[in-house]
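Participant: This is the structure, below, for whatever I ask next.
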Amino acid sequence: MAHTMVIFGASGDLTSRKLIPALYRQFQRDRLPKPSRIVGVSRSVFTSEEWRQQLAESTAKFVKGDFDAEVWNAFAQNIYYLPGDIGNEADFHKLAAFLQEIEEGKATDRVYYLSTMPQLYAAAIEQMGKAGLNIDDFGHRRVVIEKPFGTDLATARSLNESIHKTFREDQIYRIDHYLGKETVQNILVLRFGNTIFEPLWNRNYIEHVQITVAEEVKVGRRGDYYDKAGVLRDMFQNHIFQLMMVTAMEAPVRYTGEFVRDEKVKVLQAVRPYRGSDFAEFGVRGQYHGYTKEEGVPADSQTETFAALKLYIDNWRWRGVPFYLRSGKAMSCRSSQIVIQFREPPHMLFGEQKSYRPEANRLVIQIQPAEGVQIYFQSKVPDSDMRLRLSELDFRFDSSGKEPPDAYQRLLLDAMLGDPGLFARSDEVEQSWRIIDPIITAWKSPAAPALNIYEPGLWGPTQCSEWMQGQGRTWFDICPILP
Ligand code: BG6
């Protein structure tokens, strides 16, 4: 079936950096529906030809070695640009007529990609409705919405309500690019495509779980946005919760969109709400030294650029197992990983009298950049008495050293083909805000834990390591070794 992708906010950075390179790569691999057209819409005035020229340059830069001028020319033939303003109803009628013209009256599926400023999502969707762009009797009509989806529960709920006036839930694809990462999808395969992990994947064998998304970068030129968001909105409500959901969910009945999403949302529903002193005791806040001097950041900003939270998932599988979540900017290295810390053997026969105390088993899922899985276990030091050492089984996702496909490649194709499994559902988004909102509110009140200043290039504030030690545990600060 023919396909058209309409990108609103087309002159923005996301289009040139992520969307067009992802579509180009899928075209190069012959995976796009035929024909696939792309229509860019934004306020800047230029022609389709001028836009193609700009995109040729940016795509060549972002796909590097994959750029082939001949393939690009074939791909670019179906790229169009139409100037348009979200505030202007007439522009949406023009767009509707333009789409009919290029689709030559043939049944065509469409994806409308909202890559505009988030404040414009509701207005853009209302205008689409007025111009009949939502009517799906001549092909599917789907809408992809970039993050952030709301800034708290109230705004997310009101955005859901206003979108539902124009599009049904099954037409709405809320994107979280973490779900497009190969290694995140691989967690489901690791857990549910094998028999050896799942019997141990519960409170009987797991002592705690650590989920870390550390970034080496600072806020850069996004200070204005970031200062209003902070790390809880920017990383926890979406990406980190997604990692937690795939780590903790039950096996779905089948691997299809609704079954997977049903199980994921149940994890969030089981998260124990913070009460009383939890707000101070179950978290650590930090801000990197120099943040308040960044462009767009007020000199007295109290916004967190680092946070660590301890959450409990109160269900049959996880009751009593702490999930430690942490993320921050300006940290030691870029490293996202999930550590499953198993319990110690019930009765340790070896190493009791020696200075070396055996460590319990650990499974490390490296999300990025050294995508892979490591299992740590005890083995005997050769030619010793019963001395033990921690050994490692190391699986690298792709030993060729090539970067994995960009998350947008998979997600855009799924939206085009109508597979919602890797997109967030309305109840999931609302539930995640229900967890985060009270923490954000409390952290702005006198009940907030202190804002700890940390030097860039560390694993966040030293208070965070002390906090963990105080609970008899240690963070696994792993800077992955790249091949
Ligand atoms: C974005 C956040 O959603 O994710 C950024 O707004 C963050 O602040 C980025 O840097 C991290 O994505 P990735 O894929 O580089 O881990």
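Simple scheme: letters A, B, ... for chains in structure tokens order, numbers from 1 for residues in each chain, numbers from 1 for ligands in the order shown.
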Find the spatial neighbours of region 256-259 of chain A, counting only C-alpha atoms, within a cut-off of 10 Å - ignore same-chain residues fewer than 2 positions away - and output them as a list in words.

Facilitator: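 Skipping anything fewer than 2 positions along the chain leaves Asp170, Ala251, Pro252, Val253, Arg254, Arg261, Asp262, Glu263, Lys264, Gly418, Asp419, Pro420, Gly421, Leu422, Phe423, Ala424 and Arg425 of chain A.
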
Participant: Please identify all polymer residues within 6 Å of Val231 (chain A), counting only C-alpha atoms, omitting same-chain residues fewer than 3 positions from it, and present them as number ranges by chain.

Facilitator: A: 234-235, 304-305

Participant: Write out as a list in words which residues come within 10 Å of Val144 (chain A) when counting only C-alpha atoms, dropping same-chain ones fewer than 6 positions away.

Facilitator: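 Close residues of Val144 (chain A): Ile7, Val111, Tyr112, Tyr113, Leu114, Ser115, Gln171, Ile172, Tyr173, Arg174, Ile175, Leu411, Leu412, Ala415, Met416 and Phe423 of chain A.
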
Participant: Report as a list in words all protein, DNA and RNA residues lying within 9 Å of Glu49 (chain A), evaluated on only C-alpha atoms, omitting residues in the same chain fewer than 6 positions from it.

Facilitator: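 Here the qualifying residues turn out to be Ile79, Tyr80 and Tyr81 of chain A.
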
Participant: Within 10 Å of ligand 1, which residues of chain A show up? Give each one with its shortest atom-to-atom distance in Å (one decimal) and the two atoms involved, counting only C-alpha atoms and all ligand atoms, rows by chain then rising residue number, as JSON lines.

Facilitator:
```
{"residue": "A:Glu146", "atom": "CA", "partner": "ligand 1", "partner_atom_place_in_ligand_line": "3 (O)", "distance": 9.3}
{"residue": "A:Lys147", "atom": "CA", "partner": "ligand 1", "partner_atom_place_in_ligand_line": "3 (O)", "distance": 7.1}
{"residue": "A:Pro148", "atom": "CA", "partner": "ligand 1", "partner_atom_place_in_ligand_line": "3 (O)", "distance": 8.1}
{"residue": "A:Asp176", "atom": "CA", "partner": "ligand 1", "partner_atom_place_in_ligand_line": "3 (O)", "distance": 7.6}
{"residue": "A:His177", "atom": "CA", "partner": "ligand 1", "partner_atom_place_in_ligand_line": "14 (O)", "distance": 6.9}
{"residue": "A:Tyr178", "atom": "CA", "partner": "ligand 1", "partner_atom_place_in_ligand_line": "14 (O)", "distance": 6.5}
{"residue": "A:Leu179", "atom": "CA", "partner": "ligand 1", "partner_atom_place_in_ligand_line": "14 (O)", "distance": 10.0}
{"residue": "A:Gly180", "atom": "CA", "partner": "ligand 1", "partner_atom_place_in_ligand_line": "14 (O)", "distance": 9.5}
{"residue": "A:Lys181", "atom": "CA", "partner": "ligand 1", "partner_atom_place_in_ligand_line": "14 (O)", "distance": 8.1}
{"residue": "A:Val213", "atom": "CA", "partner": "ligand 1", "partner_atom_place_in_ligand_line": "16 (O)", "distance": 7.2}
{"residue": "A:Ala214", "atom": "CA", "partner": "ligand 1", "partner_atom_place_in_ligand_line": "16 (O)", "distance": 8.3}
{"residue": "A:Glu215", "atom": "CA", "partner": "ligand 1", "partner_atom_place_in_ligand_line": "10 (O)", "distance": 6.9}
{"residue": "A:Glu216", "atom": "CA", "partner": "ligand 1", "partner_atom_place_in_ligand_line": "10 (O)", "distance": 9.2}
{"residue": "A:Val217", "atom": "CA", "partner": "ligand 1", "partner_atom_place_in_ligand_line": "10 (O)", "distance": 7.5}
{"residue": "A:Lys218", "atom": "CA", "partner": "ligand 1", "partner_atom_place_in_ligand_line": "10 (O)", "distance": 8.5}
{"residue": "A:Val219", "atom": "CA", "partner": "ligand 1", "partner_atom_place_in_ligand_line": "8 (O)", "distance": 7.2}
{"residue": "A:Gly220", "atom": "CA", "partner": "ligand 1", "partner_atom_place_in_ligand_line": "8 (O)", "distance": 9.7}
{"residue": "A:Arg222", "atom": "CA", "partner": "ligand 1", "partner_atom_place_in_ligand_line": "8 (O)", "distance": 8.4}
{"residue": "A:Tyr225", "atom": "CA", "partner": "ligand 1", "partner_atom_place_in_ligand_line": "6 (O)", "distance": 9.2}
{"residue": "A:Tyr226", "atom": "CA", "partner": "ligand 1", "partner_atom_place_in_ligand_line": "8 (O)", "distance": 7.6}
{"residue": "A:Ala229", "atom": "CA", "partner": "ligand 1", "partner_atom_place_in_ligand_line": "6 (O)", "distance": 9.2}
{"residue": "A:Gly230", "atom": "CA", "partner": "ligand 1", "partner_atom_place_in_ligand_line": "8 (O)", "distance": 9.1}
{"residue": "A:Val231", "atom": "CA", "partner": "ligand 1", "partner_atom_place_in_ligand_line": "8 (O)", "distance": 7.9}
{"residue": "A:Arg233", "atom": "CA", "partner": "ligand 1", "partner_atom_place_in_ligand_line": "6 (O)", "distance": 8.8}
{"residue": "A:Asp234", "atom": "CA", "partner": "ligand 1", "partner_atom_place_in_ligand_line": "6 (O)", "distance": 5.2}
{"residue": "A:Met235", "atom": "CA", "partner": "ligand 1", "partner_atom_place_in_ligand_line": "2 (C)", "distance": 6.2}
{"residue": "A:Phe236", "atom": "CA", "partner": "ligand 1", "partner_atom_place_in_ligand_line": "3 (O)", "distance": 9.8}
{"residue": "A:Asn238", "atom": "CA", "partner": "ligand 1", "partner_atom_place_in_ligand_line": "3 (O)", "distance": 8.0}
{"residue": "A:His239", "atom": "CA", "partner": "ligand 1", "partner_atom_place_in_ligand_line": "3 (O)", "distance": 7.3}
{"residue": "A:Thr305", "atom": "CA", "partner": "ligand 1", "partner_atom_place_in_ligand_line": "8 (O)", "distance": 9.7}
{"residue": "A:Ser327", "atom": "CA", "partner": "ligand 1", "partner_atom_place_in_ligand_line": "7 (C)", "distance": 10.0}
{"residue": "A:Gly328", "atom": "CA", "partner": "ligand 1", "partner_atom_place_in_ligand_line": "8 (O)", "distance": 9.1}
{"residue": "A:Lys329", "atom": "CA", "partner": "ligand 1", "partner_atom_place_in_ligand_line": "10 (O)", "distance": 7.8}
{"residue": "A:Arg334", "atom": "CA", "partner": "ligand 1", "partner_atom_place_in_ligand_line": "16 (O)", "distance": 8.1}
{"residue": "A:Ser335", "atom": "CA", "partner": "ligand 1", "partner_atom_place_in_ligand_line": "16 (O)", "distance": 8.4}
{"residue": "A:Ser336", "atom": "CA", "partner": "ligand 1", "partner_atom_place_in_ligand_line": "16 (O)", "distance": 7.4}
{"residue": "A:Ile367", "atom": "CA", "partner": "ligand 1", "partner_atom_place_in_ligand_line": "16 (O)", "distance": 9.0}
{"residue": "A:Gln368", "atom": "CA", "partner": "ligand 1", "partner_atom_place_in_ligand_line": "16 (O)", "distance": 7.6}
{"residue": "A:Pro369", "atom": "CA", "partner": "ligand 1", "partner_atom_place_in_ligand_line": "16 (O)", "distance": 8.9}
{"residue": "A:Asp406", "atom": "CA", "partner": "ligand 1", "partner_atom_place_in_ligand_line": "14 (O)", "distance": 8.8}
{"residue": "A:Ala407", "atom": "CA", "partner": "ligand 1", "partner_atom_place_in_ligand_line": "14 (O)", "distance": 7.9}
```

Participant: Any chance you could export the current selection's C-alpha atoms as an mmCIF file, in the first residue's frame?

Facilitator:
```
data_model
loop_
_atom_site.group_PDB
_atom_site.id
_atom_site.type_symbol
_atom_site.label_atom_id
_atom_site.label_comp_id
_atom_site.auth_asym_id
_atom_site.auth_seq_id
_atom_site.Cartn_x
_atom_site.Cartn_y
_atom_site.Cartn_z
ATOM 1 C CA GLU A 146 7.186 13.274 20.075
ATOM 2 C CA LYS A 147 8.049 13.605 23.721
ATOM 3 C CA PRO A 148 7.447 15.356 26.045
ATOM 4 C CA ASP A 176 9.836 7.049 23.212
ATOM 5 C CA HIS A 177 13.006 6.430 21.289
ATOM 6 C CA TYR A 178 14.376 4.133 24.010
ATOM 7 C CA LEU A 179 11.919 1.468 22.890
ATOM 8 C CA GLY A 180 13.419 1.647 19.406
ATOM 9 C CA LYS A 181 16.839 0.640 20.713
ATOM 10 C CA VAL A 213 21.326 6.123 32.191
ATOM 11 C CA ALA A 214 24.467 8.215 32.505
ATOM 12 C CA GLU A 215 25.310 10.900 29.994
ATOM 13 C CA GLU A 216 28.662 12.558 29.572
ATOM 14 C CA VAL A 217 27.147 15.568 27.797
ATOM 15 C CA LYS A 218 25.936 18.677 29.600
ATOM 16 C CA VAL A 219 22.742 20.524 28.722
ATOM 17 C CA GLY A 220 24.423 22.369 25.867
ATOM 18 C CA ARG A 222 18.948 23.258 25.577
ATOM 19 C CA TYR A 225 13.987 23.734 27.998
ATOM 20 C CA TYR A 226 16.025 21.667 30.434
ATOM 21 C CA ALA A 229 12.050 20.033 32.818
ATOM 22 C CA GLY A 230 14.878 18.716 35.010
ATOM 23 C CA VAL A 231 16.069 15.153 34.915
ATOM 24 C CA ARG A 233 10.783 14.843 33.438
ATOM 25 C CA ASP A 234 13.507 14.598 30.825
ATOM 26 C CA MET A 235 14.664 11.032 31.514
ATOM 27 C CA PHE A 236 12.727 9.239 34.281
ATOM 28 C CA ASN A 238 9.776 8.253 29.894
ATOM 29 C CA HIS A 239 13.041 6.449 29.100
ATOM 30 C CA THR A 305 20.618 17.485 36.440
ATOM 31 C CA SER A 327 20.364 9.352 35.517
ATOM 32 C CA GLY A 328 22.373 12.487 35.070
ATOM 33 C CA LYS A 329 24.186 14.809 32.738
ATOM 34 C CA ARG A 334 27.893 7.693 28.349
ATOM 35 C CA SER A 335 26.624 4.472 29.747
ATOM 36 C CA SER A 336 23.142 3.008 30.037
ATOM 37 C CA ILE A 367 21.927 -0.787 26.631
ATOM 38 C CA GLN A 368 24.538 1.503 25.119
ATOM 39 C CA PRO A 369 27.155 2.210 23.920
ATOM 40 C CA ASP A 406 19.237 4.244 15.029
ATOM 41 C CA ALA A 407 16.113 3.788 17.160
#
```

Participant: If you run DSSP on this backbone, which residues of region 29-157 of chain A come out as strand (DSSP E), and could you give them as an NGL selection string?

Facilitator: :A and (36-42 or 79-83 or 108-114 or 141-145)

Participant: From the list A:Tyr312, A:Pro345, A:Tyr454, A:Pro273, which residue is nearest Pro438 (chain A) when using only C-alpha atoms?

Facilitator: A:Pro273

Participant: Can you work out which one of A:Ala69, A:Ile440, A:Leu363, A:Leu19 has the shortest atom-to-atom distance to Thr151 (chain A), counting only C-alpha atoms?

Facilitator: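 For Thr151 (chain A), the nearest of the candidates is A:Ile440.
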
Participant: Name all residues at most 7 Å from region 431-433 of chain A (count only C-alpha atoms; drop same-chain ones fewer than 4 positions away) and give them as a list of chain:residue names.

Facilitator: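 Here the qualifying residues turn out to be A:Asp152, A:Leu153, A:Gln237, A:Leu268, A:Gln269, A:Asp427, A:Asp437.
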
Participant: Might you pull out every residue within 10 Å of Trp72 (chain A), with only C-alpha atoms counted and same-chain residues fewer than 2 positions away left off, and present them as a ChimeraX atom specification?

Facilitator: /A:24-25,27-28,52,55-56,59-60,67-70,74-77

Participant: Would you save the residues of that selection, restricted to N, CA and C atoms, as a compact mmCIF listing (two decimals), in the first residue's frame?

Facilitator:
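The result, stored in result.txt:
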```txt
# COMPACT_ATOMS: atom_id res chain seq x y z
N TYR A 24 15.70 7.35 5.03
CA TYR A 24 16.62 7.09 3.91
C TYR A 24 17.24 5.68 4.06
N ARG A 25 17.67 5.37 5.28
CA ARG A 25 18.30 4.06 5.50
C ARG A 25 17.32 2.92 5.25
N PHE A 27 14.80 3.07 3.20
CA PHE A 27 14.60 3.05 1.75
C PHE A 27 15.75 2.27 1.10
N GLN A 28 16.96 2.58 1.57
CA GLN A 28 18.15 1.92 1.03
C GLN A 28 18.08 0.40 1.22
N ARG A 52 14.92 19.53 -0.52
CA ARG A 52 15.68 18.31 -0.90
C ARG A 52 17.18 18.58 -0.84
N LEU A 55 18.31 18.70 2.71
CA LEU A 55 18.29 17.37 3.33
C LEU A 55 19.39 16.47 2.78
N ALA A 56 19.73 16.67 1.50
CA ALA A 56 20.81 15.86 0.91
C ALA A 56 22.09 16.09 1.71
N THR A 59 21.68 14.75 5.40
CA THR A 59 21.63 13.28 5.45
C THR A 59 23.02 12.70 5.21
N ALA A 60 23.73 13.27 4.23
CA ALA A 60 25.08 12.77 3.94
C ALA A 60 25.94 12.86 5.21
N PHE A 67 25.82 6.93 2.76
CA PHE A 67 25.23 7.83 1.77
C PHE A 67 25.65 7.43 0.35
N ASP A 68 24.64 7.29 -0.50
CA ASP A 68 24.90 6.92 -1.90
C ASP A 68 24.06 7.89 -2.73
N ALA A 69 24.71 8.69 -3.55
CA ALA A 69 24.00 9.77 -4.26
C ALA A 69 22.88 9.21 -5.14
N GLU A 70 23.11 8.05 -5.74
CA GLU A 70 22.09 7.50 -6.63
C GLU A 70 20.84 7.07 -5.84
N ALA A 74 16.89 8.71 -5.92
CA ALA A 74 15.65 7.93 -6.07
C ALA A 74 14.72 8.20 -4.88
N PHE A 75 15.29 8.28 -3.69
CA PHE A 75 14.51 8.52 -2.46
C PHE A 75 13.91 9.93 -2.48
N ALA A 76 14.76 10.90 -2.89
CA ALA A 76 14.37 12.31 -2.79
C ALA A 76 13.28 12.71 -3.79
N GLN A 77 13.12 11.94 -4.84
CA GLN A 77 12.04 12.22 -5.81
C GLN A 77 10.68 12.35 -5.13
```

Participant: Leaving out Asp314 (chain A) and any residue of its chain fewer than 6 positions from it, which residues lie within 8 Å of it when counting only C-alpha atoms, given as a list in words?

Facilitator: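 In the requested form, the answer reads Ala270, Val271, Arg272 and Gly320 of chain A.
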
Participant: Just the selected residues (N, CA and C atoms), exported as a compact mmCIF listing (two decimals), in the first residue's frame, please.

Facilitator:
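Once everything was written out, this is result-v3.txt:
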```
# COMPACT_ATOMS: atom_id res chain seq x y z
N ALA A 270 1.79 -0.97 39.80
CA ALA A 270 2.23 -1.62 41.05
C ALA A 270 3.30 -0.82 41.79
N VAL A 271 3.78 0.27 41.19
CA VAL A 271 4.83 1.04 41.89
C VAL A 271 4.25 1.66 43.16
N ARG A 272 4.95 1.42 44.25
CA ARG A 272 4.47 1.93 45.55
C ARG A 272 4.62 3.45 45.60
N GLY A 320 9.34 -6.18 47.80
CA GLY A 320 10.53 -6.10 48.65
C GLY A 320 11.85 -5.94 47.91
```

Participant: Go ahead and compute the interatomic distance for CA of Asp394 (chain A) and CA of Ser332 (chain A), in Å to one decimal.

Facilitator: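 CA of Ser332 (chain A) lies 22.4 Å from CA of Asp394 (chain A).
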
Participant: To one decimal place, how far is CA of Asn452 (chain A) from CA of Arg275 (chain A) in Å?

Facilitator: 22.3 Å
